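One structure is given below, encoded as structure tokens.
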There are 2 protein chains.
Amino acid sequence: MIDYNALFKITYGLFIVSSGNKEEGNGFISNTVFQVTAEPPRFATCCNKNNFTAGFIEKHGCFAVSVMRQDATSEIIGRFGYKSGRDIKKLDGMNVKYGKSGVPIVLNECITYLECKVVQTFDVGTHWLFIGELIEAEILDETSEPITYTYYRETKKGFAPKNAPTYIDKSKLDVPKAPTNSGKYKCLACGHIYDENKEGVKFADLPNDWKCPDCGTDKEDFIEA
Amino acid sequence: MIDYNALFKITYGLFIVSSGNKEEGNGFISNTVFQVTAEPPRFATCCNKNNFTAGFIEKHGCFAVSVMRQDATSEIIGRFGYKSGRDIKKLDGMNVKYGKSGVPIVLNECITYLECKVVQTFDVGTHWLFIGELIEAEILDETSEPITYTYYRETKKGFAPKNAPTYIDKSKLDVPKAPTNSGKYKCLACGHIYDENKEGVKFADLPNDWKCPDCGTDKEDFIEA
């Protein structure tokens, strides 16, 4: 028997993994970044093959990991976690530094970054596992705590998006059934509640391109609350 | 420039990873366990090639991950993290369950376990990266929090042992130099302080097979405090 709630007991951080160069690039929210060897220091990150950033990592052979701080806003999590770089230029307007390898590194709301040069790529099914050798690491903020995936889930009531290695189909979780006709719909990225009674418009009647007013997540990533 | 303190901002859990069967087996403390794909649910764990448990994972093609609870004792961390199965039978006397695959699963001080069947093995240098498909997952304790590597480092003042992917040579860290002739020596596993002035015996004069009285860690894993 697999109790899918058990999977939430595995501790993860929350990171913006980015790749590209000065001309092109993208980033996504990842919770699977981890060191695999100490000598030399190498890090792995797991990335859905459909992920727009995956193509940049393959092409440019480098990635950066920005460690998000605990009070990271829903806006930045929504922007990097619930949108695709195929639709918006995620790095536009962000505070970006270019690393040794030329990789764009997101500095907004982050406390540390690591820059890695890809040395191995493994196919693990739906995802690539990129192994990168650390070429640069810097602390940006000495005092703030890093955000953990548990904190994100419990405080912001967020769920992993569909492309994440840790995505869990809600039907597999033993969660209480949503009350029928509550008229409330919750954003899976930031927890924002759309309340039909307050807004005066049925959720179903909102246009398909309607977005979460707090974090910009698509309508389809809301569930009845 | 690589600031090695930046590496501590990556969030990890703390787990006992075990393998073997009813006749033989071992386990070690790992902080690198993470999900790599959702469909099917697959997990990676990173294991030093010299690690005694690595041989059992290769031979038996399975591993279990026991998620340690936040108040896990120094004894269990010392037993599984700072000793080798070549010297002691780590599973003897422990509360062990045998999984579907026959793998021994440590239940002591753990809140959840996952059982995985190895489907891929990658060579990442000093370590193997084992990818296992989840065949069983159970929550043992609904209320306790999992321990994080940060909590272990900050509360128990523990460091990763030499075989860990996240081991950092202390000389690379910008730590305050130990005061000369303090007469105090700290256990890297549990933070126990040996105070020469109280004990009446110089640390250097203790026999080589002397162990930490709190967690059983070897003398060589103490540093001047």
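Residue numbering restarts at 1 for every chain of the structure tokens, chains are lettered A, B, ... in their displayed order, and ligands are numbered from 1 as they appear.
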Can you pull out every residue within 6 Å of segment 165-169 of chain B, counting only C-alpha atoms, but drop anything in the same chain fewer than 6 positions away, and send it as a list in words? Gln35, Val36, Thr37 and Ala38 of chain A
Could you dump the residues just selected with C-alpha atoms as a PDB file, in the first residue's frame?
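Printed below is selection37.pdb as written:
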ATOM      1  CA  GLN A  35      24.398  17.812  -3.376  1.00  0.00           C
ATOM      2  CA  VAL A  36      25.559  14.451  -4.756  1.00  0.00           C
ATOM      3  CA  THR A  37      29.315  14.559  -4.134  1.00  0.00           C
ATOM      4  CA  ALA A  38      31.560  16.584  -1.869  1.00  0.00           C
TER       5      ALA A  38
END
Please identify all residues of chain B having at least one atom at most 7 Å from any atom of chain A, considering only C-alpha atoms, and return them as a JSON list (two decimals) with N, CA and C atoms, in the first residue's frame.
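Okay, this is what ended up in part_18.json:
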[["chain", "number", "residue", "atom", "x", "y", "z"],
["B", 1, "MET", "N", 34.26, 32.49, -7.02],
["B", 1, "MET", "CA", 34.51, 32.19, -5.60],
["B", 1, "MET", "C", 33.41, 31.27, -5.07],
["B", 2, "ILE", "N", 33.83, 30.27, -4.36],
["B", 2, "ILE", "CA", 32.83, 29.39, -3.73],
["B", 2, "ILE", "C", 32.83, 29.66, -2.22],
["B", 3, "ASP", "N", 31.71, 30.16, -1.72],
["B", 3, "ASP", "CA", 31.54, 30.31, -0.28],
["B", 3, "ASP", "C", 30.87, 29.03, 0.22],
["B", 6, "ALA", "N", 27.50, 28.81, 1.89],
["B", 6, "ALA", "CA", 26.29, 28.90, 1.07],
["B", 6, "ALA", "C", 25.62, 27.53, 0.93],
["B", 9, "LYS", "N", 22.62, 26.38, 2.99],
["B", 9, "LYS", "CA", 21.29, 26.97, 2.76],
["B", 9, "LYS", "C", 20.39, 26.03, 1.95],
["B", 10, "ILE", "N", 20.96, 24.94, 1.48],
["B", 10, "ILE", "CA", 20.15, 23.94, 0.77],
["B", 10, "ILE", "C", 19.46, 23.09, 1.84],
["B", 11, "THR", "N", 18.16, 22.98, 1.75],
["B", 11, "THR", "CA", 17.38, 22.25, 2.76],
["B", 11, "THR", "C", 17.36, 20.75, 2.45],
["B", 12, "TYR", "N", 17.59, 19.95, 3.48],
["B", 12, "TYR", "CA", 17.52, 18.49, 3.36],
["B", 12, "TYR", "C", 16.78, 17.91, 4.56],
["B", 13, "GLY", "N", 16.28, 16.71, 4.41],
["B", 13, "GLY", "CA", 15.80, 15.95, 5.56],
["B", 13, "GLY", "C", 16.93, 15.09, 6.11],
["B", 32, "THR", "N", 20.29, 12.92, 1.58],
["B", 32, "THR", "CA", 19.93, 13.13, 0.18],
["B", 32, "THR", "C", 18.99, 12.04, -0.31],
["B", 34, "PHE", "N", 15.18, 12.12, -2.34],
["B", 34, "PHE", "CA", 14.28, 13.08, -2.99],
["B", 34, "PHE", "C", 13.57, 12.38, -4.12],
["B", 35, "GLN", "N", 12.36, 12.87, -4.39],
["B", 35, "GLN", "CA", 11.55, 12.30, -5.45],
["B", 35, "GLN", "C", 12.05, 12.82, -6.80],
["B", 36, "VAL", "N", 12.15, 11.95, -7.80],
["B", 36, "VAL", "CA", 12.60, 12.41, -9.12],
["B", 36, "VAL", "C", 11.50, 12.39, -10.17],
["B", 37, "THR", "N", 10.51, 11.51, -10.02],
["B", 37, "THR", "CA", 9.36, 11.55, -10.92],
["B", 37, "THR", "C", 8.09, 11.25, -10.12],
["B", 38, "ALA", "N", 6.98, 11.80, -10.63],
["B", 38, "ALA", "CA", 5.70, 11.59, -9.97],
["B", 38, "ALA", "C", 4.97, 10.38, -10.56],
["B", 46, "CYS", "N", 21.51, 9.07, -2.66],
["B", 46, "CYS", "CA", 22.91, 9.20, -3.03],
["B", 46, "CYS", "C", 23.74, 8.52, -1.96],
["B", 112, "THR", "N", 7.81, 7.85, 9.23],
["B", 112, "THR", "CA", 7.32, 7.42, 7.92],
["B", 112, "THR", "C", 8.38, 6.53, 7.30],
["B", 126, "THR", "N", 32.35, 9.84, -6.65],
["B", 126, "THR", "CA", 32.58, 9.15, -5.37],
["B", 126, "THR", "C", 31.32, 8.42, -4.88],
["B", 127, "HIS", "N", 30.17, 8.77, -5.44],
["B", 127, "HIS", "CA", 28.88, 8.24, -4.97],
["B", 127, "HIS", "C", 28.10, 7.54, -6.08],
["B", 135, "ILE", "N", 7.34, 1.18, -3.84],
["B", 135, "ILE", "CA", 6.40, 0.05, -3.83],
["B", 135, "ILE", "C", 5.56, 0.03, -2.56],
["B", 136, "GLU", "N", 5.96, 0.82, -1.57],
["B", 136, "GLU", "CA", 5.24, 0.84, -0.30],
["B", 136, "GLU", "C", 5.58, 2.15, 0.42],
["B", 137, "ALA", "N", 4.59, 2.75, 1.05],
["B", 137, "ALA", "CA", 4.84, 3.97, 1.84],
["B", 137, "ALA", "C", 3.83, 4.00, 2.96],
["B", 138, "GLU", "N", 4.31, 4.26, 4.16],
["B", 138, "GLU", "CA", 3.42, 4.25, 5.31],
["B", 138, "GLU", "C", 3.80, 5.35, 6.29],
["B", 139, "ILE", "N", 2.80, 5.96, 6.90],
["B", 139, "ILE", "CA", 3.04, 6.92, 7.98],
["B", 139, "ILE", "C", 2.96, 6.16, 9.29],
["B", 146, "PRO", "N", 9.21, 15.79, 10.85],
["B", 146, "PRO", "CA", 10.47, 15.18, 10.43],
["B", 146, "PRO", "C", 11.65, 16.07, 10.83],
["B", 148, "THR", "N", 15.06, 18.00, 10.08],
["B", 148, "THR", "CA", 15.74, 18.51, 8.89],
["B", 148, "THR", "C", 17.24, 18.55, 9.20],
["B", 165, "PRO", "N", 27.44, 13.10, 0.87],
["B", 165, "PRO", "CA", 27.60, 14.00, -0.28],
["B", 165, "PRO", "C", 27.81, 15.44, 0.16],
["B", 166, "THR", "N", 27.28, 15.78, 1.33],
["B", 166, "THR", "CA", 27.35, 17.17, 1.80],
["B", 166, "THR", "C", 28.48, 17.40, 2.79],
["B", 167, "TYR", "N", 29.41, 16.45, 2.90],
["B", 167, "TYR", "CA", 30.56, 16.63, 3.79],
["B", 167, "TYR", "C", 31.36, 17.85, 3.35],
["B", 168, "ILE", "N", 31.73, 18.68, 4.30],
["B", 168, "ILE", "CA", 32.58, 19.84, 3.98],
["B", 168, "ILE", "C", 33.80, 19.83, 4.89]]
Enumerate as number ranges by chain all residues of segment 68-134 of chain A assigned to strand (DSSP E or B) by DSSP on the backbone, naming them with the chain letters and numbers the document uses. A: 68-69, 96-98, 104-106, 110-123, 127-134
Chain A superposed on chain B over all ordered C-alpha pairs, least squares: can you write that as an mmCIF file with C-alpha atoms, in the first residue's frame?
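Okay, part-v4.cif is ready:
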data_model
loop_
_atom_site.group_PDB
_atom_site.id
_atom_site.type_symbol
_atom_site.label_atom_id
_atom_site.label_comp_id
_atom_site.auth_asym_id
_atom_site.auth_seq_id
_atom_site.Cartn_x
_atom_site.Cartn_y
_atom_site.Cartn_z
ATOM 1 C CA MET A 1 34.531 32.194 -5.626
ATOM 2 C CA ILE A 2 32.835 29.394 -3.772
ATOM 3 C CA ASP A 3 31.547 30.309 -0.318
ATOM 4 C CA TYR A 4 31.109 26.890 1.271
ATOM 5 C CA ASN A 5 28.771 28.338 3.893
ATOM 6 C CA ALA A 6 26.297 28.895 1.039
ATOM 7 C CA LEU A 7 25.926 25.115 0.754
ATOM 8 C CA PHE A 8 24.259 25.007 4.168
ATOM 9 C CA LYS A 9 21.316 26.974 2.730
ATOM 10 C CA ILE A 10 20.161 23.945 0.745
ATOM 11 C CA THR A 11 17.403 22.247 2.736
ATOM 12 C CA TYR A 12 17.530 18.496 3.351
ATOM 13 C CA GLY A 13 15.808 15.953 5.553
ATOM 14 C CA LEU A 14 17.566 13.257 7.556
ATOM 15 C CA PHE A 15 16.834 9.614 6.876
ATOM 16 C CA ILE A 16 17.979 6.095 7.643
ATOM 17 C CA VAL A 17 18.503 4.389 4.295
ATOM 18 C CA SER A 18 18.678 0.618 4.690
ATOM 19 C CA SER A 19 19.047 -2.460 2.525
ATOM 20 C CA GLY A 20 19.534 -6.209 2.726
ATOM 21 C CA ASN A 21 17.205 -9.028 3.730
ATOM 22 C CA LYS A 22 16.464 -11.110 6.829
ATOM 23 C CA GLU A 23 19.943 -12.675 6.797
ATOM 24 C CA GLU A 24 22.094 -9.605 6.221
ATOM 25 C CA GLY A 25 21.668 -5.888 6.033
ATOM 26 C CA ASN A 26 22.739 -2.445 7.070
ATOM 27 C CA GLY A 27 21.619 1.151 7.159
ATOM 28 C CA PHE A 28 23.186 4.597 7.113
ATOM 29 C CA ILE A 29 22.124 8.160 7.728
ATOM 30 C CA SER A 30 21.476 10.061 4.535
ATOM 31 C CA ASN A 31 20.319 13.595 3.914
ATOM 32 C CA THR A 32 19.942 13.134 0.175
ATOM 33 C CA VAL A 33 16.656 11.413 -0.545
ATOM 34 C CA PHE A 34 14.290 13.079 -2.989
ATOM 35 C CA GLN A 35 11.555 12.294 -5.456
ATOM 36 C CA VAL A 36 12.602 12.405 -9.123
ATOM 37 C CA THR A 37 9.364 11.531 -10.929
ATOM 38 C CA ALA A 38 5.710 11.578 -9.972
ATOM 39 C CA GLU A 39 4.438 9.079 -12.552
ATOM 40 C CA PRO A 40 5.539 6.525 -11.553
ATOM 41 C CA PRO A 41 6.669 7.723 -8.104
ATOM 42 C CA ARG A 42 10.444 7.254 -8.043
ATOM 43 C CA PHE A 43 12.996 8.337 -5.480
ATOM 44 C CA ALA A 44 16.729 8.924 -5.635
ATOM 45 C CA THR A 45 19.241 8.396 -2.883
ATOM 46 C CA CYS A 46 22.918 9.191 -3.038
ATOM 47 C CA CYS A 47 25.335 6.766 -1.425
ATOM 48 C CA ASN A 48 29.122 6.783 -1.106
ATOM 49 C CA LYS A 49 30.660 3.854 -3.014
ATOM 50 C CA ASN A 50 32.625 2.901 0.124
ATOM 51 C CA ASN A 51 29.474 2.834 2.176
ATOM 52 C CA PHE A 52 28.761 -0.678 3.476
ATOM 53 C CA THR A 53 25.048 -0.289 2.667
ATOM 54 C CA ALA A 54 25.844 0.457 -1.000
ATOM 55 C CA GLY A 55 26.834 -3.179 -1.514
ATOM 56 C CA PHE A 56 23.499 -4.404 -0.141
ATOM 57 C CA ILE A 57 21.524 -2.018 -2.356
ATOM 58 C CA GLU A 58 23.414 -3.292 -5.417
ATOM 59 C CA LYS A 59 23.022 -6.949 -4.389
ATOM 60 C CA HIS A 60 19.392 -6.900 -3.263
ATOM 61 C CA GLY A 61 18.083 -4.214 -5.648
ATOM 62 C CA CYS A 62 15.993 -2.458 -3.035
ATOM 63 C CA PHE A 63 16.263 0.150 -0.320
ATOM 64 C CA ALA A 64 14.085 1.595 2.403
ATOM 65 C CA VAL A 65 13.991 5.169 3.613
ATOM 66 C CA SER A 66 12.965 5.811 7.208
ATOM 67 C CA VAL A 67 12.170 9.458 7.869
ATOM 68 C CA MET A 68 13.597 10.374 11.295
ATOM 69 C CA ARG A 69 11.542 12.423 13.692
ATOM 70 C CA GLN A 70 12.716 15.842 14.875
ATOM 71 C CA ASP A 71 13.688 14.671 18.370
ATOM 72 C CA ALA A 72 15.714 11.699 17.113
ATOM 73 C CA THR A 73 18.390 10.877 19.693
ATOM 74 C CA SER A 74 22.134 11.263 19.315
ATOM 75 C CA GLU A 75 22.407 7.517 19.923
ATOM 76 C CA ILE A 76 20.521 6.578 16.762
ATOM 77 C CA ILE A 77 22.222 9.286 14.682
ATOM 78 C CA GLY A 78 25.611 8.151 16.009
ATOM 79 C CA ARG A 79 24.828 4.470 15.432
ATOM 80 C CA PHE A 80 23.660 4.844 11.819
ATOM 81 C CA GLY A 81 25.622 7.945 10.813
ATOM 82 C CA TYR A 82 29.032 7.676 12.397
ATOM 83 C CA LYS A 83 29.703 3.955 12.558
ATOM 84 C CA SER A 84 30.287 1.410 9.828
ATOM 85 C CA GLY A 85 28.344 -1.801 9.357
ATOM 86 C CA ARG A 86 31.773 -3.391 8.791
ATOM 87 C CA ASP A 87 32.431 -2.927 12.537
ATOM 88 C CA ILE A 88 29.038 -3.395 14.177
ATOM 89 C CA LYS A 89 25.732 -5.018 13.258
ATOM 90 C CA LYS A 90 23.711 -1.812 13.209
ATOM 91 C CA LEU A 91 20.326 -3.499 12.854
ATOM 92 C CA ASP A 92 20.764 -5.789 15.873
ATOM 93 C CA GLY A 93 18.379 -4.851 18.655
ATOM 94 C CA MET A 94 16.530 -2.333 16.506
ATOM 95 C CA ASN A 95 12.822 -2.392 15.762
ATOM 96 C CA VAL A 96 12.989 -3.651 12.182
ATOM 97 C CA LYS A 97 10.139 -4.482 9.816
ATOM 98 C CA TYR A 98 10.751 -6.419 6.610
ATOM 99 C CA GLY A 99 9.145 -4.886 3.546
ATOM 100 C CA LYS A 100 7.485 -6.383 0.465
ATOM 101 C CA SER A 101 10.909 -6.813 -1.141
ATOM 102 C CA GLY A 102 12.338 -8.287 2.064
ATOM 103 C CA VAL A 103 14.264 -5.110 2.814
ATOM 104 C CA PRO A 104 14.837 -4.311 6.523
ATOM 105 C CA ILE A 105 13.126 -1.063 7.502
ATOM 106 C CA VAL A 106 14.164 0.736 10.700
ATOM 107 C CA LEU A 107 11.146 1.926 12.680
ATOM 108 C CA ASN A 108 12.858 3.399 15.779
ATOM 109 C CA GLU A 109 12.384 7.168 16.112
ATOM 110 C CA CYS A 110 10.980 7.373 12.579
ATOM 111 C CA ILE A 111 7.673 8.839 11.443
ATOM 112 C CA THR A 112 7.331 7.438 7.937
ATOM 113 C CA TYR A 113 8.973 4.925 5.692
ATOM 114 C CA LEU A 114 9.229 4.410 1.952
ATOM 115 C CA GLU A 115 10.247 1.146 0.317
ATOM 116 C CA CYS A 116 11.779 1.278 -3.155
ATOM 117 C CA LYS A 117 12.856 -1.198 -5.824
ATOM 118 C CA VAL A 118 16.006 -0.059 -7.646
ATOM 119 C CA VAL A 119 15.353 0.658 -11.343
ATOM 120 C CA GLN A 120 18.477 2.642 -12.279
ATOM 121 C CA THR A 121 21.957 3.172 -10.825
ATOM 122 C CA PHE A 122 24.088 6.135 -11.879
ATOM 123 C CA ASP A 123 27.777 6.687 -11.224
ATOM 124 C CA VAL A 124 28.336 10.283 -10.096
ATOM 125 C CA GLY A 125 31.980 9.947 -9.043
ATOM 126 C CA THR A 126 32.592 9.154 -5.378
ATOM 127 C CA HIS A 127 28.900 8.238 -4.969
ATOM 128 C CA TRP A 128 26.198 6.083 -6.559
ATOM 129 C CA LEU A 129 22.844 7.626 -7.280
ATOM 130 C CA PHE A 130 20.241 4.890 -6.861
ATOM 131 C CA ILE A 131 16.814 5.473 -8.414
ATOM 132 C CA GLY A 132 14.087 3.389 -6.836
ATOM 133 C CA GLU A 133 10.430 2.917 -7.673
ATOM 134 C CA LEU A 134 8.145 3.319 -4.698
ATOM 135 C CA ILE A 135 6.397 0.059 -3.815
ATOM 136 C CA GLU A 136 5.246 0.842 -0.269
ATOM 137 C CA ALA A 137 4.829 3.977 1.864
ATOM 138 C CA GLU A 138 3.408 4.262 5.328
ATOM 139 C CA ILE A 139 3.042 6.938 7.983
ATOM 140 C CA LEU A 140 4.051 5.612 11.428
ATOM 141 C CA ASP A 141 3.506 8.766 13.468
ATOM 142 C CA GLU A 142 0.968 11.356 12.342
ATOM 143 C CA THR A 143 1.938 14.080 14.802
ATOM 144 C CA SER A 144 5.734 14.395 14.951
ATOM 145 C CA GLU A 145 7.691 16.596 12.580
ATOM 146 C CA PRO A 146 10.499 15.196 10.431
ATOM 147 C CA ILE A 147 13.998 16.284 11.396
ATOM 148 C CA THR A 148 15.766 18.522 8.884
ATOM 149 C CA TYR A 149 19.506 18.650 8.295
ATOM 150 C CA THR A 150 19.448 22.327 9.336
ATOM 151 C CA TYR A 151 17.799 21.406 12.649
ATOM 152 C CA TYR A 152 20.384 18.673 13.195
ATOM 153 C CA ARG A 153 23.236 21.080 12.509
ATOM 154 C CA GLU A 154 21.847 23.948 14.554
ATOM 155 C CA THR A 155 20.331 22.106 17.496
ATOM 156 C CA LYS A 156 22.584 19.104 17.828
ATOM 157 C CA LYS A 157 25.620 20.947 16.418
ATOM 158 C CA GLY A 158 26.246 17.949 14.206
ATOM 159 C CA PHE A 159 28.224 17.806 10.973
ATOM 160 C CA ALA A 160 27.841 15.476 8.004
ATOM 161 C CA PRO A 161 30.235 12.509 8.259
ATOM 162 C CA LYS A 162 33.066 12.037 5.741
ATOM 163 C CA ASN A 163 31.105 9.745 3.400
ATOM 164 C CA ALA A 164 28.185 12.161 3.003
ATOM 165 C CA PRO A 165 27.617 14.006 -0.298
ATOM 166 C CA THR A 166 27.376 17.183 1.781
ATOM 167 C CA TYR A 167 30.577 16.637 3.785
ATOM 168 C CA ILE A 168 32.583 19.841 3.973
ATOM 169 C CA ASP A 169 36.203 19.903 5.005
ATOM 170 C CA LYS A 170 36.176 22.189 8.065
ATOM 171 C CA SER A 171 39.204 24.084 6.702
ATOM 172 C CA LYS A 172 37.014 25.347 3.830
ATOM 173 C CA LEU A 173 34.561 26.946 6.214
ATOM 174 C CA ASP A 174 35.108 30.385 7.530
ATOM 175 C CA VAL A 175 34.566 29.245 11.133
ATOM 176 C CA PRO A 176 36.085 30.971 14.165
ATOM 177 C CA LYS A 177 39.335 29.316 15.159
ATOM 178 C CA ALA A 178 39.111 27.089 18.222
ATOM 179 C CA PRO A 179 40.600 28.723 21.298
ATOM 180 C CA THR A 180 44.012 27.219 22.013
ATOM 181 C CA ASN A 181 44.242 24.948 25.013
ATOM 182 C CA SER A 182 40.560 25.240 25.944
ATOM 183 C CA GLY A 183 40.798 21.592 26.930
ATOM 184 C CA LYS A 184 37.377 21.019 25.345
ATOM 185 C CA TYR A 185 36.687 18.655 22.460
ATOM 186 C CA LYS A 186 33.385 18.371 20.609
ATOM 187 C CA CYS A 187 31.795 15.283 19.054
ATOM 188 C CA LEU A 188 30.966 16.076 15.425
ATOM 189 C CA ALA A 189 28.024 13.659 15.478
ATOM 190 C CA CYS A 190 26.116 14.758 18.572
ATOM 191 C CA GLY A 191 27.871 17.818 19.949
ATOM 192 C CA HIS A 192 28.940 16.130 23.221
ATOM 193 C CA ILE A 193 31.751 18.086 24.889
ATOM 194 C CA TYR A 194 34.694 16.253 26.444
ATOM 195 C CA ASP A 195 36.155 18.641 29.022
ATOM 196 C CA GLU A 196 39.680 17.705 30.113
ATOM 197 C CA ASN A 197 39.399 19.872 33.220
ATOM 198 C CA LYS A 198 36.345 17.988 34.453
ATOM 199 C CA GLU A 199 37.468 14.528 33.346
ATOM 200 C CA GLY A 200 41.023 14.841 34.643
ATOM 201 C CA VAL A 201 42.428 13.059 31.582
ATOM 202 C CA LYS A 202 43.927 14.824 28.557
ATOM 203 C CA PHE A 203 41.915 14.131 25.391
ATOM 204 C CA ALA A 204 45.129 13.101 23.615
ATOM 205 C CA ASP A 205 45.768 10.519 26.337
ATOM 206 C CA LEU A 206 42.440 8.742 25.831
ATOM 207 C CA PRO A 207 42.880 5.343 24.148
ATOM 208 C CA ASN A 208 42.342 5.251 20.374
ATOM 209 C CA ASP A 209 39.296 3.024 20.760
ATOM 210 C CA TRP A 210 37.643 5.511 23.128
ATOM 211 C CA LYS A 211 34.115 6.464 22.007
ATOM 212 C CA CYS A 212 31.751 9.361 22.637
ATOM 213 C CA PRO A 213 29.811 8.433 25.802
ATOM 214 C CA ASP A 214 26.608 9.931 24.361
ATOM 215 C CA CYS A 215 26.506 8.472 20.869
ATOM 216 C CA GLY A 216 29.464 6.102 20.504
ATOM 217 C CA THR A 217 31.268 8.107 17.825
ATOM 218 C CA ASP A 218 35.008 7.453 17.418
ATOM 219 C CA LYS A 219 37.634 9.675 19.060
ATOM 220 C CA GLU A 220 38.863 10.862 15.645
ATOM 221 C CA ASP A 221 35.501 12.522 14.987
ATOM 222 C CA PHE A 222 36.038 15.039 17.800
ATOM 223 C CA ILE A 223 37.415 18.526 17.191
ATOM 224 C CA GLU A 224 38.832 21.108 19.581
ATOM 225 C CA ALA A 225 35.919 23.266 20.731
#
Pick out each residue of segment 56-189 of chain A that DSSP on the backbone tags as alpha helix (DSSP H); I need them as a VMD selection string. chain A and resid 56 to 60 74 to 81 149 to 155
